[in-house]
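For reference, run-v5.txt (compact mmCIF, C-alpha atoms):
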```txt
# COMPACT_ATOMS: atom_id res chain seq x y z
CA ARG A 100 -20.83 -22.81 -15.41
CA LEU A 101 -23.47 -21.71 -12.95
CA VAL A 102 -21.90 -20.36 -9.76
CA PHE A 103 -23.88 -19.50 -6.66
CA TYR A 104 -22.45 -17.06 -4.13
CA THR A 105 -24.04 -16.87 -0.69
CA ILE A 106 -23.15 -14.28 1.92
CA LEU A 107 -24.61 -14.59 5.39
CA VAL A 108 -24.48 -11.51 7.55
CA ASN A 109 -26.42 -11.84 10.80
CA ARG A 110 -25.47 -9.25 13.37
CA ILE A 111 -27.43 -8.05 16.37
CA TYR A 112 -25.72 -4.93 17.70
CA SER A 113 -27.43 -4.73 21.08
CA LYS A 114 -30.79 -4.83 22.76
CA ARG A 115 -30.94 -1.07 22.39
CA LYS A 116 -31.42 -1.39 18.65
CA SER A 117 -34.44 -2.86 16.90
CA LEU A 118 -34.25 -6.14 15.05
CA GLU A 119 -34.88 -4.25 11.80
CA GLU A 120 -31.47 -2.62 12.26
CA ALA A 121 -29.70 -5.97 12.17
CA LEU A 122 -27.87 -6.74 8.95
CA GLU A 123 -29.73 -8.98 6.54
CA GLU A 124 -28.73 -12.17 4.84
CA LEU A 125 -27.65 -11.61 1.25
CA ILE A 126 -27.73 -14.33 -1.37
CA ILE A 127 -26.35 -12.57 -4.48
CA CYS A 128 -29.01 -12.55 -7.24
CA LYS A 129 -28.29 -11.03 -10.61
CA ASN A 130 -27.14 -12.67 -13.83
CA SER A 131 -23.94 -11.45 -15.44
CA MET A 132 -21.44 -12.78 -17.91
CA TYR A 133 -17.65 -12.93 -17.35
CA ASP A 134 -15.22 -15.07 -19.35
CA SER A 135 -18.10 -17.27 -20.49
CA ASP A 136 -19.08 -18.04 -16.89
CA ILE A 137 -22.61 -17.18 -15.78
CA VAL A 138 -22.80 -15.91 -12.24
CA ASP A 139 -26.24 -16.14 -10.66
CA ILE A 140 -26.91 -13.81 -7.77
CA ALA A 141 -30.02 -13.90 -5.50
CA ILE A 142 -31.24 -11.71 -2.64
CA GLU A 143 -33.11 -13.04 0.34
CA VAL A 144 -34.01 -11.34 3.61
CA LEU A 145 -33.81 -12.98 7.02
CA SER A 146 -37.19 -13.29 8.67
CA LYS A 147 -37.82 -11.59 12.00
CA GLU A 148 -38.31 -15.00 13.55
CA LYS A 149 -34.85 -16.18 12.45
CA ILE A 150 -33.20 -12.96 13.65
CA GLU A 151 -34.87 -13.34 17.05
CA ARG A 152 -33.85 -16.99 17.28
CA ASN A 153 -30.22 -16.15 16.51
CA ALA A 154 -30.23 -13.32 19.06
CA LYS A 155 -31.60 -15.55 21.82
CA THR A 156 -29.14 -18.42 21.70
CA GLY A 157 -28.13 -17.76 25.30
CA LEU A 158 -24.46 -17.83 24.29
CA SER A 159 -22.05 -15.21 25.56
CA PHE A 160 -20.28 -12.77 23.21
CA PRO A 161 -18.57 -10.10 25.36
CA LYS A 162 -18.98 -6.60 23.97
CA HIS A 163 -15.66 -5.32 25.28
CA PHE A 164 -12.94 -6.32 27.72
CA LEU A 165 -9.63 -5.13 29.13
CA MET A 166 -6.53 -7.26 29.80
CA ALA A 167 -3.04 -6.87 31.26
CA GLY A 168 -0.26 -9.14 30.08
CA TYR A 169 3.16 -10.25 31.28
CA THR A 170 5.66 -11.56 28.70
CA THR A 171 8.65 -13.77 29.54
CA ASN A 172 11.13 -15.95 27.68
CA ALA A 173 11.60 -18.15 30.76
CA LEU A 174 10.01 -21.01 28.81
CA GLY A 175 11.98 -20.20 25.68
CA TYR A 176 10.72 -19.57 22.15
CA GLY A 177 9.61 -23.11 21.37
CA VAL A 178 5.99 -22.22 20.70
CA ASN A 179 7.01 -19.40 18.35
CA ASP A 180 9.39 -21.69 16.45
CA ALA A 181 6.87 -24.54 16.26
CA VAL A 182 4.30 -22.45 14.38
CA SER A 183 6.75 -20.43 12.25
CA LYS A 184 9.36 -23.02 11.22
CA GLY A 185 7.34 -26.20 10.77
CA PRO A 186 6.42 -27.86 7.46
CA VAL A 187 3.30 -25.65 7.26
CA PRO A 188 4.09 -22.31 8.95
CA ILE A 189 1.02 -20.52 10.29
CA PHE A 190 2.81 -17.62 12.00
CA TRP A 191 6.03 -15.58 11.89
CA GLY A 192 9.22 -15.45 13.92
CA GLY A 193 11.75 -12.60 14.01
CA ASP A 194 15.49 -12.03 14.32
CA ALA A 195 15.17 -9.63 17.28
CA HIS A 196 14.04 -11.42 20.45
CA VAL A 197 12.11 -9.96 23.37
CA LYS A 198 13.10 -11.18 26.82
CA SER A 199 10.24 -9.73 28.87
CA GLY A 200 7.49 -7.16 28.71
CA PHE A 201 4.26 -5.73 30.04
CA SER A 202 1.21 -4.94 27.92
CA ILE A 203 -2.33 -3.59 28.14
CA SER A 204 -4.99 -4.47 25.59
CA TYR A 205 -8.60 -3.47 25.02
CA GLN A 206 -10.95 -5.33 22.67
CA ARG A 207 -14.43 -4.43 21.45
CA ASN A 208 -16.67 -6.80 19.52
CA ILE A 209 -17.90 -5.54 16.14
CA PHE A 210 -19.41 -8.73 14.73
CA HIS A 211 -20.33 -12.23 15.81
CA ALA A 212 -22.08 -15.17 14.24
CA ARG A 213 -24.58 -17.34 16.08
CA LYS A 214 -22.23 -19.68 17.99
CA VAL A 215 -18.55 -19.77 17.07
CA PHE A 216 -17.06 -16.83 15.19
CA ALA A 217 -16.49 -13.29 16.45
CA MET A 218 -14.47 -10.31 15.26
CA ASP A 219 -13.11 -7.55 17.49
CA TRP A 220 -11.18 -4.34 17.12
CA GLY A 221 -8.36 -4.17 19.63
CA LEU A 222 -6.05 -1.49 20.99
CA HIS A 223 -2.74 -2.84 22.29
CA THR A 224 0.24 -1.16 23.91
CA GLY A 225 3.40 -2.77 25.24
CA ILE A 226 6.79 -2.05 26.79
CA TRP A 227 9.42 -4.67 26.01
CA LYS A 228 13.00 -5.55 26.99
CA SER A 229 15.20 -7.10 24.33
CA ARG A 230 17.03 -10.35 25.02
CA ASP A 231 20.62 -9.49 24.09
CA LYS A 232 21.16 -5.88 25.17
CA GLY A 233 18.19 -5.17 27.40
CA GLU A 234 16.97 -2.37 25.16
CA THR A 235 13.53 -0.88 25.86
CA ILE A 236 10.94 -0.88 23.07
CA PHE A 237 7.51 0.75 23.13
CA THR A 238 4.68 -0.25 20.79
CA LEU A 239 1.12 0.97 20.15
CA SER A 240 -1.15 -1.05 17.85
CA LEU A 241 -4.67 -1.20 16.43
CA ASN A 242 -5.65 -4.81 15.73
CA PRO A 243 -8.42 -6.65 13.91
CA VAL A 244 -8.89 -9.82 16.00
CA LEU A 245 -10.58 -13.04 14.87
CA ARG A 246 -11.94 -15.19 17.70
CA PHE A 247 -13.28 -18.74 17.46
CA ASN A 248 -15.22 -20.12 20.42
CA ALA A 249 -14.02 -23.72 20.46
CA VAL A 250 -15.60 -25.15 23.63
CA ARG A 251 -18.51 -23.74 25.61
CA SER A 252 -19.72 -24.77 29.06
CA ARG A 253 -21.86 -23.32 31.83
CA ASN A 254 -19.01 -21.52 33.58
CA ALA A 255 -16.31 -21.23 30.89
CA ASP A 256 -15.99 -20.53 27.17
CA PHE A 257 -12.65 -21.49 25.60
CA PHE A 258 -11.53 -19.74 22.43
CA LEU A 259 -8.78 -19.45 19.83
CA GLU A 260 -7.70 -16.02 18.57
CA TYR A 261 -5.66 -14.74 15.65
CA ALA A 262 -4.76 -11.16 14.75
CA VAL A 263 -2.94 -10.13 11.57
CA ALA A 264 -1.44 -6.89 10.28
CA GLY A 265 -2.41 -4.49 13.05
CA PRO A 266 -0.94 -1.05 12.17
CA THR A 267 1.67 -0.23 14.80
CA PHE A 268 4.01 2.49 16.02
CA ILE A 269 7.31 1.02 17.28
CA SER A 270 9.79 3.24 19.09
CA LYS A 271 13.00 1.78 17.61
CA THR A 272 14.18 1.02 14.10
CA LYS A 273 16.98 -1.25 15.35
CA VAL A 274 16.91 -3.70 18.29
CA ASP A 275 20.01 -5.59 19.43
CA ASN A 276 21.65 -4.49 16.15
CA VAL A 277 18.80 -6.08 14.17
CA PRO A 278 17.36 -3.60 11.60
CA LEU A 279 13.56 -3.34 11.69
CA GLY A 280 12.95 -0.73 8.99
CA ARG A 281 10.90 2.30 10.00
CA LYS A 282 8.83 3.19 13.05
CA PHE A 283 5.72 2.01 11.26
CA THR A 284 5.20 -1.75 11.42
CA PHE A 285 2.52 -4.41 11.92
CA HIS A 286 1.48 -6.44 14.98
CA ASP A 287 0.38 -10.07 14.72
CA PHE A 288 -0.56 -12.44 17.52
CA MET A 289 -2.20 -15.81 18.08
CA GLY A 290 -3.29 -17.59 21.23
CA ILE A 291 -5.83 -19.38 23.34
CA GLY A 292 -8.08 -17.98 26.06
CA VAL A 293 -11.10 -18.42 28.26
CA PHE A 294 -14.04 -16.39 29.57
CA ALA A 295 -14.76 -17.80 33.01
CA GLY A 296 -16.96 -17.34 36.05
CA LYS A 297 -20.68 -17.38 36.72
CA GLU A 298 -21.27 -14.45 34.36
CA LYS A 299 -18.07 -15.10 32.36
CA ARG A 300 -16.62 -11.76 33.37
CA ILE A 301 -13.05 -13.04 33.91
CA VAL A 302 -10.92 -13.38 30.78
CA GLY A 303 -7.49 -14.97 30.58
CA GLY A 304 -5.21 -16.33 27.92
CA ILE A 305 -1.78 -17.07 26.50
CA ARG A 306 -0.40 -15.48 23.33
CA ILE A 307 2.68 -15.29 21.18
CA ALA A 308 3.28 -12.25 18.98
CA HIS A 309 5.36 -10.77 16.20
CA TYR A 310 6.21 -7.35 14.78
CA SER A 311 7.38 -6.71 11.23
CA ASN A 312 6.63 -4.29 8.41
CA GLY A 313 5.52 -6.85 5.81
CA ASN A 314 8.41 -5.90 3.50
CA LEU A 315 7.08 -2.37 3.06
CA PHE A 316 10.65 -1.24 3.68
CA PRO A 317 13.98 -2.81 2.62
CA GLN A 318 14.83 -3.85 6.20
CA ASN A 319 12.29 -6.21 7.77
CA ASP A 320 13.95 -8.64 10.19
CA GLY A 321 11.07 -8.59 12.67
CA VAL A 322 10.64 -8.93 16.44
CA LYS A 323 9.73 -12.22 18.13
CA ILE A 324 7.55 -11.99 21.26
CA PRO A 325 7.51 -15.13 23.45
CA LEU A 326 4.69 -16.35 25.68
CA THR A 327 2.47 -13.60 27.11
CA PHE A 328 0.13 -14.44 29.98
CA ASN A 329 -2.98 -12.24 30.02
CA LEU A 330 -5.63 -11.66 32.67
CA GLY A 331 -8.52 -9.23 32.50
CA TYR A 332 -12.16 -8.36 33.00
CA VAL A 333 -15.19 -8.18 30.73
CA LEU A 334 -16.57 -4.62 31.04
CA ASN A 335 -20.15 -5.11 29.78
```
Conversion result in structure tokens:
Amino acid sequence: RLVFYTILVNRIYSKRKSLEEALEELIICKNSMYDSDIVDIAIEVLSKEKIERNAKTGLSFPKHFLMAGYTTNALGYGVNDAVSKGPVPIFWGGDAHVKSGFSISYQRNIFHARKVFAMDWGLHTGIWKSRDKGETIFTLSLNPVLRFNAVRSRNADFFLEYAVAGPTFISKTKVDNVPLGRKFTFHDFMGIGVFAGKEKRIVGGIRIAHYSNGNLFPQNDGVKIPLTFNLGYVLN
């Protein structure tokens, strides 16, 4: 069977760098044999004209932004349960429940496509109160964040975001008598947000989140974070 693999990488870092420094499109282009399958690989370079056209779409991709968040279980854990317990779970829950919290997050863009997709690195820290005993938990995480710009308009860009397996320090190994494993765990979150304003410098959003160690350790009951309301500012 003849299989074609195409990889498109089209990244413009900033106006400070020349177009030649942008990553090129790769269409894999070498014949090889594996289990009687022929894989055909081809290499093609993006033209300067195409790179310039992609860079001048006029669409906003913030380079970096800072947000503060307030977490509360006043509206319950319905959103968490809907995406973690349905017929097709797309997120995770947790046996330990957070009642409230305050968080600070910073995100910096490292890649974006022409219109929709972007990837950020994020730094996130939070202080949480548990639901049952009011215990205080501190977390510090480094997150890869996937962002999908769903709707764009003149004064607002709406997006979906999803972050998985961000390495995290957590200050407790047991919360409300729920064993969490070790002080190394992972941070996941998903949510919706918007960049708004004339220059789209205001960023806001709503997230749910989860901490667990991915079964790296025998005890992995996880922490469920309810709705977090974020508000921040685009720094670039």
(message) The residues within 12 Å of (-19.2, -17.2, 37.7), using all atoms listed in the file and the coordinates of the file, should be reported as a ChimeraX atom specification; which are they?
(response) /A:252-256,294-302
Give one line per residue of range 266-317 of chain A that approaches range 242-251 of chain A to at most 12 Å, naming the two atoms of the closest pair and their distance in Å to one decimal, counting only C-alpha atoms; sort by chain then ascending residue number and deliver it as a tab-separated table.
```
residue	atom	partner	partner_atom	distance
A:Pro266	CA	A:Asn242	CA	7.0
A:Thr267	CA	A:Asn242	CA	8.7
A:Phe285	CA	A:Asn242	CA	9.0
A:His286	CA	A:Asn242	CA	7.4
A:Asp287	CA	A:Asn242	CA	8.1
A:Phe288	CA	A:Val244	CA	8.9
A:Met289	CA	A:Val244	CA	9.2
A:Gly290	CA	A:Arg246	CA	9.6
A:Ile291	CA	A:Arg246	CA	9.3
A:Gly292	CA	A:Asn248	CA	9.3
A:Val293	CA	A:Asn248	CA	9.0
A:Phe294	CA	A:Arg251	CA	9.5
A:Ala295	CA	A:Arg251	CA	10.2
A:Lys299	CA	A:Arg251	CA	11.0
```
(request) Write out as number ranges by chain which residues come within 10 Å of Ser311 in chain A when counting all atoms listed in the file, dropping same-chain ones fewer than 5 positions away. (result) A: 191-193, 264, 267, 269, 279-281, 283-287, 316, 318-323
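All protein and nucleic acid residues in the vicinity of (-16.4, -4.2, 20.1), that is within 8 Å when counting all atoms listed in the file, are Lys162, His163, Gln206, Arg207, Asn208, Ile209, Phe210, Asp219 and Trp220 of chain A.
Closest to Thr171 in chain A among A:His223, A:Lys282, A:His309, A:Lys228 is A:Lys228, based on only C-alpha atoms.
The space between CA of Asn172 in chain A and CA of Arg230 in chain A spans 8.6 Å.
As for CA of Ile203 in chain A and CA of Trp227 in chain A, they are spaced 12.0 Å apart.
Nearest residue to Ile189 in chain A among A:Tyr261, A:Pro317, A:Asn312, A:Thr327 is A:Tyr261, counting all atoms listed in the file.
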(request) Figure out the distance between CA of Ile305 in chain A and CA of Met166 in chain A, please, to one decimal in Å. (result) 11.4 Å
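Restricting the calculation to only C-alpha atoms, the smallest distance between Asn179 in chain A and any of A:Leu259, A:Phe216, A:Ser204, A:His196 is found for A:His196.
Candidate residues A:Tyr310, A:Tyr332, A:Phe201, A:Phe268 were compared for distance to Pro161 in chain A, and the nearest is A:Tyr332, using only C-alpha atoms.
Using all atoms listed in the file, the nearest neighbour of Asn276 in chain A within the list A:Arg213, A:Leu222, A:Tyr205, A:Lys232 is A:Lys232.
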